[in-house]
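Printed here is coords_4.cif (mmCIF, C-alpha atoms):
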data_input
#
loop_
_atom_site.label_atom_id
_atom_site.label_comp_id
_atom_site.auth_asym_id
_atom_site.auth_seq_id
_atom_site.Cartn_x
_atom_site.Cartn_y
_atom_site.Cartn_z
CA MET L 1 44.93 46.95 -102.36
CA ASN L 2 47.86 49.33 -102.11
CA PRO L 3 47.14 52.74 -103.72
CA VAL L 4 50.87 53.23 -104.39
CA ASP L 5 50.95 49.99 -106.39
CA VAL L 6 47.80 50.98 -108.26
CA LYS L 7 49.23 54.38 -109.22
CA LYS L 8 52.45 52.74 -110.35
CA ALA L 9 50.50 50.26 -112.49
CA LEU L 10 48.46 53.04 -114.09
CA ARG L 11 51.55 55.09 -114.94
CA ARG L 12 53.25 52.04 -116.43
CA ASN L 13 50.18 51.20 -118.46
CA ARG L 14 49.90 54.79 -119.71
CA LYS L 15 53.52 54.54 -120.83
CA TRP L 16 52.71 51.34 -122.72
CA PHE L 17 49.94 53.11 -124.62
CA CYS L 18 52.28 55.98 -125.48
CA ASP L 19 55.41 53.97 -126.33
CA SER L 20 54.13 50.74 -127.88
CA GLY L 21 52.96 52.29 -131.16
CA VAL L 22 49.24 51.65 -130.69
CA LEU L 23 48.62 55.43 -130.69
CA GLY L 24 50.90 55.94 -133.70
CA ASN L 25 53.27 58.88 -133.75
CA CYS L 26 50.60 61.56 -133.36
CA GLU L 27 49.33 61.04 -129.81
CA GLY L 28 46.06 59.50 -130.96
CA SER L 29 45.31 61.83 -133.87
CA TRP L 30 44.54 58.74 -135.93
CA GLY L 31 42.85 56.86 -133.14
CA VAL L 32 44.19 53.77 -131.43
CA ALA L 33 45.06 50.41 -132.97
CA GLU L 34 43.04 47.38 -132.01
CA ARG L 35 45.89 45.39 -130.50
CA VAL L 36 49.49 44.27 -130.45
CA LEU L 37 49.82 40.75 -131.86
CA LEU L 38 52.80 38.54 -131.01
CA THR L 39 53.54 36.25 -133.91
CA ALA L 40 56.06 33.71 -132.60
CA HIS L 41 54.52 30.26 -132.08
CA ASN L 42 51.09 31.75 -132.75
CA ASP L 43 48.99 29.58 -135.06
CA SER L 44 46.26 32.22 -135.31
CA VAL L 45 48.40 34.86 -137.06
CA GLU L 46 47.31 34.09 -140.62
CA LYS L 47 43.64 34.18 -139.70
CA VAL L 48 44.03 37.47 -137.80
CA LEU L 49 45.89 39.20 -140.63
CA HIS L 50 43.37 37.97 -143.19
CA ALA L 51 40.47 39.39 -141.16
CA THR L 52 42.24 42.68 -140.31
CA PRO L 53 44.53 43.34 -143.30
CA ALA L 54 46.39 46.37 -141.99
CA TRP L 55 49.35 46.02 -139.67
CA SER L 56 52.78 47.39 -138.77
CA ASP L 57 55.51 44.82 -138.24
CA PHE L 58 58.11 44.79 -135.51
CA CYS L 59 60.52 42.06 -134.46
CA GLY L 60 58.40 39.29 -132.96
CA GLY L 61 55.03 40.76 -133.72
CA CYS L 62 52.91 43.46 -135.28
CA ILE L 63 50.41 46.15 -134.43
CA ILE L 64 46.95 45.39 -135.81
CA GLU L 65 46.09 48.79 -137.25
CA SER L 66 42.34 48.30 -137.41
CA ARG L 67 40.60 51.39 -136.04
CA ARG L 68 37.51 50.32 -134.14
CA PRO L 69 35.20 52.86 -132.54
CA ASP L 70 34.71 50.82 -129.36
CA CYS L 71 38.45 50.55 -128.77
CA CYS L 72 38.86 54.26 -129.49
CA PHE L 73 36.06 55.28 -127.12
CA GLU L 74 37.38 52.98 -124.39
CA THR L 75 40.88 54.38 -124.70
CA ALA L 76 39.69 58.00 -124.87
CA TYR L 77 37.69 57.54 -121.67
CA TYR L 78 40.70 55.94 -120.01
CA PHE L 79 42.92 58.92 -120.80
CA LEU L 80 40.27 61.29 -119.47
CA MET L 81 40.31 59.28 -116.23
CA LEU L 82 44.11 59.48 -116.14
CA HIS L 83 43.90 63.22 -116.63
CA GLU L 84 41.47 63.53 -113.73
CA LEU L 85 43.80 61.52 -111.49
CA PHE L 86 47.24 62.80 -112.48
CA HIS L 87 46.44 66.22 -114.02
CA CYS L 88 48.72 65.66 -116.99
CA GLY L 89 47.82 67.78 -120.01
CA LYS L 90 49.13 65.15 -122.40
CA ASP L 91 46.48 62.66 -121.23
CA GLU L 92 43.70 65.13 -121.95
CA ARG L 93 45.22 65.92 -125.34
CA ILE L 94 45.41 62.23 -126.30
CA ALA L 95 41.76 61.71 -125.34
CA GLU L 96 40.63 64.69 -127.43
CA ASN L 97 42.82 63.62 -130.35
CA ILE L 98 41.16 60.21 -130.36
CA LEU L 99 37.71 61.80 -130.26
CA ASP L 100 38.71 64.15 -133.09
CA TYR L 101 39.62 61.08 -135.09
CA LEU L 102 36.35 59.31 -134.29
CA TYR L 103 33.99 62.17 -135.05
CA LEU L 104 35.90 64.27 -137.58
CA ARG L 105 38.28 62.03 -139.53
CA SER L 106 37.42 58.36 -139.40
CA GLY L 107 34.20 58.09 -141.41
CA LEU L 108 33.14 55.35 -138.96
CA LEU L 109 30.03 57.22 -137.79
CA ASN L 110 26.92 57.17 -139.97
CA ARG L 111 25.64 60.76 -140.05
CA TYR L 112 22.75 60.06 -142.40
CA GLU L 113 19.18 59.08 -141.60
CA ASN L 114 19.41 55.80 -143.44
CA ILE L 115 22.20 54.45 -145.60
CA TYR L 116 22.73 50.79 -146.43
CA HIS L 117 19.86 50.04 -144.00
CA VAL L 118 21.88 51.56 -141.13
CA SER L 119 20.36 54.34 -139.05
CA GLU L 120 22.01 57.60 -138.09
CA GLY L 121 24.37 57.43 -135.12
CA VAL L 122 25.53 53.85 -135.75
CA TRP L 123 29.25 53.06 -135.88
CA ASN L 124 30.89 50.69 -138.37
CA TRP L 125 33.03 47.93 -136.90
CA THR L 126 36.35 49.05 -138.42
CA HIS L 127 37.73 51.50 -140.94
CA LEU L 128 39.08 48.53 -142.94
CA TYR L 129 35.77 47.23 -144.29
CA TRP L 130 34.15 48.41 -147.51
CA GLN L 131 30.62 47.88 -146.23
CA PRO L 132 28.88 48.38 -142.90
CA VAL L 133 29.38 45.63 -140.32
CA ILE L 134 27.51 46.58 -137.17
CA TRP L 135 28.03 44.75 -133.87
CA PHE L 136 25.60 45.04 -130.96
CA ASP L 137 28.30 45.02 -128.28
CA ASP L 138 30.64 47.48 -130.01
CA ASN L 139 27.84 49.96 -130.64
CA ALA L 140 26.61 49.54 -127.07
CA TRP L 141 30.02 50.64 -125.82
CA CYS L 142 29.96 53.60 -128.20
CA ILE L 143 26.58 54.71 -126.83
CA ILE L 144 27.53 54.19 -123.18
CA LEU L 145 30.89 55.93 -123.46
CA ALA L 146 29.72 58.81 -125.63
CA ARG L 147 27.08 59.57 -123.00
CA ALA L 148 29.59 59.21 -120.17
CA ILE L 149 32.11 61.53 -121.83
CA ALA L 150 29.38 64.06 -122.65
CA LYS L 151 28.38 64.12 -118.98
CA LEU L 152 31.98 64.44 -117.85
CA ARG L 153 32.89 67.06 -120.45
CA PRO L 154 29.96 69.12 -121.77
CA ASP L 155 32.40 71.06 -123.97
CA LEU L 156 33.22 67.87 -125.86
CA ASP L 157 29.52 67.09 -126.18
CA ARG L 158 28.97 70.47 -127.83
CA LYS L 159 31.94 69.99 -130.14
CA TYR L 160 30.97 66.54 -131.42
CA ARG L 161 27.20 66.36 -130.67
CA MET L 162 27.93 63.22 -128.70
CA LYS L 163 24.58 62.83 -126.95
CA HIS L 164 22.72 63.47 -130.21
CA PHE L 165 24.49 60.71 -132.12
CA ALA L 166 24.38 58.35 -129.13
CA LEU L 167 20.61 58.79 -128.95
CA CYS L 168 20.27 58.20 -132.70
CA GLY L 169 22.38 55.07 -132.36
CA ALA L 170 20.35 53.82 -129.42
CA THR L 171 17.10 54.37 -131.30
CA GLY L 172 18.44 52.41 -134.24
CA MET L 173 19.56 49.69 -131.85
CA VAL L 174 16.01 49.40 -130.45
CA ASN L 175 14.72 48.45 -133.89
CA ALA L 176 17.51 45.95 -134.51
CA PHE L 177 17.27 44.46 -131.02
CA GLU L 178 13.50 44.07 -131.13
CA HIS L 179 13.63 42.24 -134.45
CA ALA L 180 16.66 40.03 -133.76
CA PHE L 181 15.70 39.01 -130.23
CA ASN L 182 12.03 38.34 -130.86
CA THR L 183 12.34 36.62 -134.23
CA GLY L 184 15.77 35.01 -133.98
CA GLU L 185 16.48 36.41 -137.43
CA ASP L 186 19.33 38.73 -138.38
CA TYR L 187 18.53 42.40 -138.72
CA PRO L 188 20.21 43.99 -141.78
CA ARG L 189 23.89 44.74 -141.07
CA TRP L 190 23.64 44.03 -137.31
CA GLN L 191 25.57 41.12 -135.84
CA GLY L 192 25.84 39.39 -132.47
CA ASN L 193 23.89 36.63 -130.72
CA LEU L 194 21.60 38.49 -128.34
CA LYS L 195 20.87 35.30 -126.42
CA LEU L 196 24.37 35.67 -124.99
CA PRO L 197 24.80 38.60 -122.55
CA HIS L 198 28.10 39.50 -124.25
CA TRP L 199 25.95 41.09 -126.92
CA GLY L 200 22.46 41.23 -125.48
CA ALA L 201 22.92 42.49 -121.93
CA LEU L 202 25.26 45.28 -122.92
CA ALA L 203 22.94 46.36 -125.75
CA ALA L 204 19.94 46.26 -123.42
CA GLY L 205 21.91 48.36 -120.94
CA ALA L 206 22.82 50.92 -123.60
CA ILE L 207 19.17 51.13 -124.62
CA ALA L 208 18.12 51.51 -120.98
CA VAL L 209 20.45 54.44 -120.24
CA SER L 210 19.20 56.18 -123.40
CA ARG L 211 15.50 55.59 -122.79
CA LYS L 212 14.76 58.80 -120.92
CA ASP L 213 15.91 60.86 -123.93
CA MET L 214 13.80 58.94 -126.47
CA ASP L 215 10.41 60.02 -127.69
CA LYS L 216 7.36 58.41 -126.10
CA GLU L 217 7.01 55.55 -128.56
CA TYR L 218 10.64 54.49 -128.43
CA SER L 219 10.86 55.00 -124.67
CA ARG L 220 7.96 52.59 -124.19
CA LYS L 221 9.51 50.10 -126.57
CA ALA L 222 12.91 50.41 -124.86
CA ARG L 223 11.39 49.75 -121.42
CA GLN L 224 9.56 46.70 -122.74
CA LEU L 225 12.66 45.28 -124.44
CA THR L 226 14.85 45.83 -121.40
CA GLY L 227 12.39 44.08 -119.11
CA GLN L 228 11.89 41.24 -121.53
CA TYR L 229 15.62 40.75 -121.96
CA PHE L 230 16.55 40.63 -118.30
CA ASP L 231 13.65 38.28 -117.58
CA TYR L 232 15.27 36.00 -120.16
CA VAL L 233 18.72 36.42 -118.57
CA MET L 234 17.45 35.51 -115.10
CA GLU L 235 15.75 32.39 -116.44
CA HIS L 236 19.02 31.20 -118.02
CA LEU L 237 21.64 32.27 -115.45
CA THR L 238 22.91 28.75 -114.82
CA GLU L 239 23.75 28.36 -118.53
CA PHE L 240 26.22 31.25 -118.67
CA ASN L 241 30.00 31.07 -118.18
CA PRO L 242 31.81 33.69 -116.02
CA SER L 243 32.38 36.01 -118.99
CA GLU L 244 28.69 36.03 -119.84
CA LEU L 245 27.78 36.52 -116.18
CA ALA L 246 30.06 39.56 -116.09
CA TYR L 247 28.30 41.07 -119.10
CA ALA L 248 24.94 40.25 -117.57
CA LEU L 249 25.97 42.10 -114.41
CA LEU L 250 27.19 45.11 -116.40
CA GLY L 251 23.92 45.26 -118.30
CA ALA L 252 21.82 44.90 -115.16
CA VAL L 253 23.69 47.76 -113.47
CA LEU L 254 23.26 49.97 -116.53
CA ALA L 255 19.54 49.16 -116.58
CA GLU L 256 19.29 49.82 -112.81
CA ARG L 257 17.87 46.34 -112.25
CA TYR L 258 19.64 45.95 -108.94
CA ASP L 259 17.65 42.95 -107.67
CA ASN L 260 18.72 41.11 -110.80
CA ALA L 261 22.26 42.44 -110.41
CA LYS L 262 22.52 41.08 -106.86
CA LYS L 263 21.61 37.56 -108.00
CA ILE L 264 23.94 37.74 -111.00
CA CYS L 265 26.74 39.00 -108.75
CA ARG L 266 26.30 35.99 -106.44
CA MET L 267 26.61 33.67 -109.45
CA LEU L 268 29.73 35.45 -110.69
CA LEU L 269 31.38 35.45 -107.25
CA ALA L 270 30.84 31.70 -106.99
CA THR L 271 33.10 31.19 -110.03
CA ILE L 272 36.02 33.24 -108.67
CA ASP L 273 38.90 31.50 -106.89
CA PRO L 274 39.17 33.33 -103.54
CA GLU L 275 42.93 32.76 -103.35
CA THR L 276 43.94 33.88 -106.84
CA GLY L 277 41.06 36.28 -107.52
CA CYS L 278 40.62 34.63 -110.89
CA PRO L 279 37.46 33.26 -112.53
CA PRO L 280 38.19 30.31 -114.83
CA SER L 281 38.82 30.89 -118.51
CA SER L 282 35.85 29.32 -120.28
CA HIS L 283 34.83 31.70 -123.07
CA TYR L 284 34.52 29.93 -126.41
CA GLU L 285 37.02 32.31 -128.08
CA ALA L 286 39.72 31.68 -125.46
CA PRO L 287 41.78 28.68 -124.33
CA ALA L 288 39.98 27.08 -121.39
CA GLY L 289 41.27 26.23 -117.93
CA GLU L 290 40.81 27.08 -114.28
CA HIS L 291 44.49 28.00 -114.08
CA LEU L 292 44.20 30.51 -116.93
CA ALA L 293 43.43 34.19 -116.38
CA ASP L 294 41.62 35.36 -119.51
CA LEU L 295 42.02 39.15 -119.74
CA ILE L 296 40.18 39.58 -123.05
CA TYR L 297 36.81 38.07 -122.13
CA THR L 298 36.70 37.25 -118.43
CA VAL L 299 38.96 38.92 -115.82
CA ASN L 300 38.56 42.32 -117.47
CA TRP L 301 34.77 42.31 -117.64
CA SER L 302 34.39 40.55 -114.28
CA SER L 303 36.48 43.15 -112.47
CA LEU L 304 34.67 45.97 -114.28
CA ALA L 305 31.27 44.46 -113.52
CA LEU L 306 32.08 44.14 -109.83
CA ALA L 307 33.43 47.69 -109.71
CA ALA L 308 30.34 49.01 -111.47
CA TYR L 309 28.03 47.11 -109.13
CA LEU L 310 29.90 48.39 -106.07
CA GLY L 311 29.50 51.90 -107.40
CA HIS L 312 25.79 51.55 -106.69
CA LYS L 313 25.46 48.90 -103.97
CA SER L 314 27.37 47.91 -100.85
CA ASP L 315 28.49 44.29 -100.95
CA ALA L 316 31.32 42.98 -98.76
CA ALA L 317 31.86 39.76 -100.75
CA ALA L 318 32.01 41.63 -104.06
CA LYS L 319 34.42 44.17 -102.58
CA LYS L 320 36.70 41.41 -101.31
CA ALA L 321 36.71 39.68 -104.70
CA LEU L 322 37.41 42.92 -106.54
CA THR L 323 40.28 43.77 -104.19
CA ARG L 324 41.81 40.37 -104.87
CA MET L 325 41.40 40.88 -108.63
CA VAL L 326 43.13 44.27 -108.51
CA GLU L 327 45.98 42.70 -106.53
CA LEU L 328 46.24 40.00 -109.20
CA LEU L 329 46.34 42.61 -111.96
CA THR L 330 49.07 44.68 -110.35
CA ALA L 331 51.08 41.51 -109.68
CA ILE L 332 51.01 40.15 -113.24
CA GLN L 333 51.37 43.42 -115.19
CA ASP L 334 54.03 42.89 -117.84
CA ASP L 335 57.45 43.95 -116.56
CA CYS L 336 59.57 43.10 -119.60
CA LEU L 337 61.75 45.75 -121.26
CA ASP L 338 60.25 45.51 -124.76
CA LYS L 339 58.39 48.77 -125.44
CA HIS L 340 55.62 46.86 -127.21
CA LEU L 341 54.84 45.00 -123.99
CA ALA L 342 56.23 46.85 -120.97
CA GLY L 343 53.38 47.93 -118.70
CA CYS L 344 50.62 46.14 -120.61
CA TRP L 345 48.25 43.38 -119.65
CA ARG L 346 48.39 40.64 -122.26
CA GLY L 347 45.41 38.54 -123.19
CA MET L 348 46.08 35.51 -121.01
CA TYR L 349 48.16 34.58 -117.97
CA ASP L 350 49.00 31.03 -116.88
CA LEU L 351 48.73 31.01 -113.08
CA ASP L 352 50.33 27.57 -112.75
CA ALA L 353 53.36 28.53 -114.84
CA GLY L 354 53.52 32.05 -113.41
CA CYS L 355 53.87 33.70 -116.81
CA TRP L 356 51.93 35.00 -119.79
CA GLY L 357 50.71 32.21 -122.05
CA GLY L 358 48.13 29.46 -122.15
CA GLY L 359 47.50 29.31 -125.88
CA ASP L 360 46.15 31.51 -128.65
CA ARG L 361 42.96 31.95 -130.61
CA PHE L 362 41.78 34.34 -133.32
CA GLU L 363 40.85 36.92 -130.68
CA GLY L 364 41.72 35.34 -127.33
CA GLY L 365 44.95 34.14 -125.79
CA GLY L 366 48.26 35.42 -124.50
CA SER L 367 49.63 36.77 -127.78
CA SER L 368 46.87 39.35 -128.24
CA ILE L 369 47.25 42.59 -126.29
CA TYR L 370 44.10 44.64 -126.80
CA THR L 371 43.94 48.37 -126.29
CA GLY L 372 40.21 48.67 -125.80
CA TRP L 373 38.92 45.36 -124.56
CA THR L 374 41.75 44.67 -122.13
CA ASN L 375 44.07 47.50 -121.17
CA ALA L 376 41.64 50.43 -121.13
CA PRO L 377 38.85 48.72 -119.12
CA LEU L 378 41.39 47.28 -116.67
CA GLY L 379 42.75 50.80 -116.36
CA TRP L 380 39.23 52.04 -115.56
CA VAL L 381 38.98 49.51 -112.75
CA LEU L 382 42.31 50.50 -111.22
CA ALA L 383 41.58 54.21 -111.62
CA SER L 384 38.17 53.77 -110.00
CA SER L 385 39.86 52.28 -106.93
CA LEU L 386 41.59 55.67 -106.55
CA GLY L 387 38.38 57.63 -106.93
CA GLY L 388 38.05 57.79 -110.72
CA LYS L 389 34.50 57.71 -112.08
CA LEU L 390 33.49 54.65 -114.07
CA PRO L 391 31.31 55.14 -117.18
CA ILE L 392 28.82 52.61 -115.79
#

For the file at hand, write its structure as structure tokens.
Amino acid sequence: MNPVDVKKALRRNRKWFCDSGVLGNCEGSWGVAERVLLTAHNDSVEKVLHATPAWSDFCGGCIIESRRPDCCFETAYYFLMLHELFHCGKDERIAENILDYLYLRSGLLNRYENIYHVSEGVWNWTHLYWQPVIWFDDNAWCIILARAIAKLRPDLDRKYRMKHFALCGATGMVNAFEHAFNTGEDYPRWQGNLKLPHWGALAAGAIAVSRKDMDKEYSRKARQLTGQYFDYVMEHLTEFNPSELAYALLGAVLAERYDNAKKICRMLLATIDPETGCPPSSHYEAPAGEHLADLIYTVNWSSLALAAYLGHKSDAAAKKALTRMVELLTAIQDDCLDKHLAGCWRGMYDLDAGCWGGGDRFEGGGSSIYTGWTNAPLGWVLASSLGGKLPI
């Protein structure tokens, strides 16, 4: 990979965040929007707007104004990485503005011991809902990233009590995880199918990184749950699509289960086209096809998982695959002139057609341009290739 191309891609992507409207007019003081949604020839628009009824229109699309804590944390960490690489004060200011919103303005964090059957330190899915909706994967990201930011910036930890609330959230997640995984029944307010690594592996990883700070009882329970979960994952590896394998690899790295991670990595690498650097799109929320690069569920998490794994283990095949993925990402980055799109990575790219597209779904597809799930994590991967520190 060419470092000059990577730096150029990062600067262009930073400009997209700043110019597209996803950060509003206040440099992140009211967080970051979930995504840009293109509306032309998009059959999913009505469903999206019904589920997230807050948006700002522009010609040809809208900004979905839902404020989600996972997207905000992911974007804040990205701007801290950009600040470390480029030493631009504006990047640091945007990151802190987003964190100010999360901890001081949003009301998304539960600061009480128990309210609506939700423990302290748990984050609601979005500011739009009138009642708590708690997702395992979203809260896992909040725990992982709060801890990572606290380690990177102890001053921010002191300001927001980041490690404290992350530990509270992780402890609450232990209770929910134990019940939901072992009984197959929903735990009050918590959502996500733990049998799929998209939810389960990331949650197990978040629990694992928090275990050493838990009291004796919860630490023991966390160790038991983590072991039990990854035993399950290894028994079912052949059942998972590339997106789920990527999440399984992320979780295994977080849990420091490197023998498991090596086997999962081999499975993931086997799905990646060595010429294009692209695993096939096969997530149930996205249009499917080997010629489709899914940047909401697959390419993003696969590249991040490989980068995270390589941060702890040497692996020539994984390094080669990751290099090819980064080359793919820099090659397809949106180069149109529209400020809502210029410098972004959209949700899906059609490799056969050589353009963005491939179909649309409620969350997946080419017309959804996510801040958190897509652009920020892809930015982490590119920044890490220049020496930036991943949160995993």

Name the residues captured by the PyMOL selection byres ((chain L and resi 73-83) around 8) when it is applied to the shown file; answer as an NGL selection string.
-> :L and (32 or 69-72 or 84-89 or 91-92 or 94-96 or 98-99 or 141-142 or 145-146 or 149 or 371-373 or 376-377 or 379-380 or 383 or 388-389)

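Residue selection for this entry, given the PyMOL selection byres ((chain L and resi 297) around 8), comprises Ser243, His283, Ala286, Asp294, Leu295, Ile296, Thr298, Val299, Asn300, Trp301, Gly364 and Trp373 of chain L.
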
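Put simply, CA of Ala176 in chain L is 15.8 Å away from CA of Trp125 in chain L.
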
For range 260-267 of chain L, list every protein, DNA or RNA residue within 7 Å, evaluated using all atoms listed in the file, and leave out those in the same chain fewer than 4 positions away; present the list as a list in words.
-> Leu245, Leu249, Ala252, Val253 and Thr271 of chain L

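The shortest atom-to-atom distance to Phe17 in chain L, with only C-alpha atoms taken into account, belongs to L:Gly31 out of L:Cys355, L:Phe165, L:Ser314, L:Gly31.
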
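Here the question is which of L:Asp100, L:Gly192, L:Leu37, L:Trp199 gets nearest to Tyr160 in chain L using only C-alpha atoms, and that residue is L:Asp100.
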
L:Ala222, L:Ala166, L:Leu202, L:Ile63 ranked by distance to Ala305 in chain L, top pick (using only C-alpha atoms) | L:Leu202

Near-Lys159 in chain L list (12 Å; only C-alpha atoms; drop same-chain fewer than 2 positions) as a PyMOL selection string | chain L and resi 96+99-100+103-104+149-150+153-157+161-164

Output C-alpha atoms for every residue in the selection just made, as a compact mmCIF listing (two decimals), keeping the file's coordinate frame.
# COMPACT_ATOMS: atom_id res chain seq x y z
CA GLU L 96 40.63 64.69 -127.43
CA LEU L 99 37.71 61.80 -130.26
CA ASP L 100 38.71 64.15 -133.09
CA TYR L 103 33.99 62.17 -135.05
CA LEU L 104 35.90 64.27 -137.58
CA ILE L 149 32.11 61.53 -121.83
CA ALA L 150 29.38 64.06 -122.65
CA ARG L 153 32.89 67.06 -120.45
CA PRO L 154 29.96 69.12 -121.77
CA ASP L 155 32.40 71.06 -123.97
CA LEU L 156 33.22 67.87 -125.86
CA ASP L 157 29.52 67.09 -126.18
CA ARG L 161 27.20 66.36 -130.67
CA MET L 162 27.93 63.22 -128.70
CA LYS L 163 24.58 62.83 -126.95
CA HIS L 164 22.72 63.47 -130.21

Pick from L:Trp30, L:Pro3, L:Ala40, L:Leu225: nearest to Arg105 in chain L, with all atoms listed in the file counted?
-> L:Trp30

What separates CA of Pro242 in chain L and CA of Val326 in chain L is a distance of 17.2 Å

Check which residues satisfy the PyMOL selection byres ((chain L and resi 214) around 12) in the file shown, then give them as a VMD selection string.
-> chain L and resid 163 to 164 166 to 172 174 207 to 213 215 to 223

Those residues you just picked out, can you put them in a file as a compact mmCIF listing (two decimals), in the coordinates of the input with C-alpha atoms?
# COMPACT_ATOMS: atom_id res chain seq x y z
CA LYS L 163 24.58 62.83 -126.95
CA HIS L 164 22.72 63.47 -130.21
CA ALA L 166 24.38 58.35 -129.13
CA LEU L 167 20.61 58.79 -128.95
CA CYS L 168 20.27 58.20 -132.70
CA GLY L 169 22.38 55.07 -132.36
CA ALA L 170 20.35 53.82 -129.42
CA THR L 171 17.10 54.37 -131.30
CA GLY L 172 18.44 52.41 -134.24
CA VAL L 174 16.01 49.40 -130.45
CA ILE L 207 19.17 51.13 -124.62
CA ALA L 208 18.12 51.51 -120.98
CA VAL L 209 20.45 54.44 -120.24
CA SER L 210 19.20 56.18 -123.40
CA ARG L 211 15.50 55.59 -122.79
CA LYS L 212 14.76 58.80 -120.92
CA ASP L 213 15.91 60.86 -123.93
CA ASP L 215 10.41 60.02 -127.69
CA LYS L 216 7.36 58.41 -126.10
CA GLU L 217 7.01 55.55 -128.56
CA TYR L 218 10.64 54.49 -128.43
CA SER L 219 10.86 55.00 -124.67
CA ARG L 220 7.96 52.59 -124.19
CA LYS L 221 9.51 50.10 -126.57
CA ALA L 222 12.91 50.41 -124.86
CA ARG L 223 11.39 49.75 -121.42

From L:Asn25, L:Ser384, L:Thr330, L:Gln191, residue lying nearest Val6 in chain L [all atoms listed in the file] = L:Thr330

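Across the structure, CA of Tyr116 in chain L and CA of Gly205 in chain L are spaced 25.6 Å apart.
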
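Each of L:Leu254, L:Ile392, L:Leu269, L:Ala201 was compared to Tyr232 in chain L using all atoms listed in the file, and L:Ala201 turns out to be the nearest.
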
Near range 320-323 of chain L, within 8 Å and counting only C-alpha atoms, which residues show up once chain neighbours fewer than 5 positions away are dropped, as a VMD selection string?
-> chain L and resid 1 269 272 274 277 303 306 to 307

Output of the above residues as a short mmCIF file (atom, residue, chain, number, x, y, z; two decimals), keeping the file's coordinate frame, restricted to C-alpha atoms:
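After the write, again-v3.cif holds the following:
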data_model
loop_
_atom_site.label_atom_id
_atom_site.label_comp_id
_atom_site.auth_asym_id
_atom_site.auth_seq_id
_atom_site.Cartn_x
_atom_site.Cartn_y
_atom_site.Cartn_z
CA MET L 1 44.93 46.95 -102.36
CA LEU L 269 31.38 35.45 -107.25
CA ILE L 272 36.02 33.24 -108.67
CA PRO L 274 39.17 33.33 -103.54
CA GLY L 277 41.06 36.28 -107.52
CA SER L 303 36.48 43.15 -112.47
CA LEU L 306 32.08 44.14 -109.83
CA ALA L 307 33.43 47.69 -109.71
#

With a distance cut-off of 10 Å and all atoms listed in the file, select the neighbouring residues of Thr276 in chain L, excluding the residue or stretch itself and same-chain residues fewer than 3 positions from it, and output the selection as a PyMOL selection string.
-> chain L and resi 272-273+279+291+293+321+324-325+327-328+351

How would you write as a PyMOL selection string the residues that get within 9 Å of (52.1, 47.5, -134.8) in the file's frame, counting all atoms listed in the file?
-> chain L and resi 20-22+24+33+35-37+55-58+61-65+340
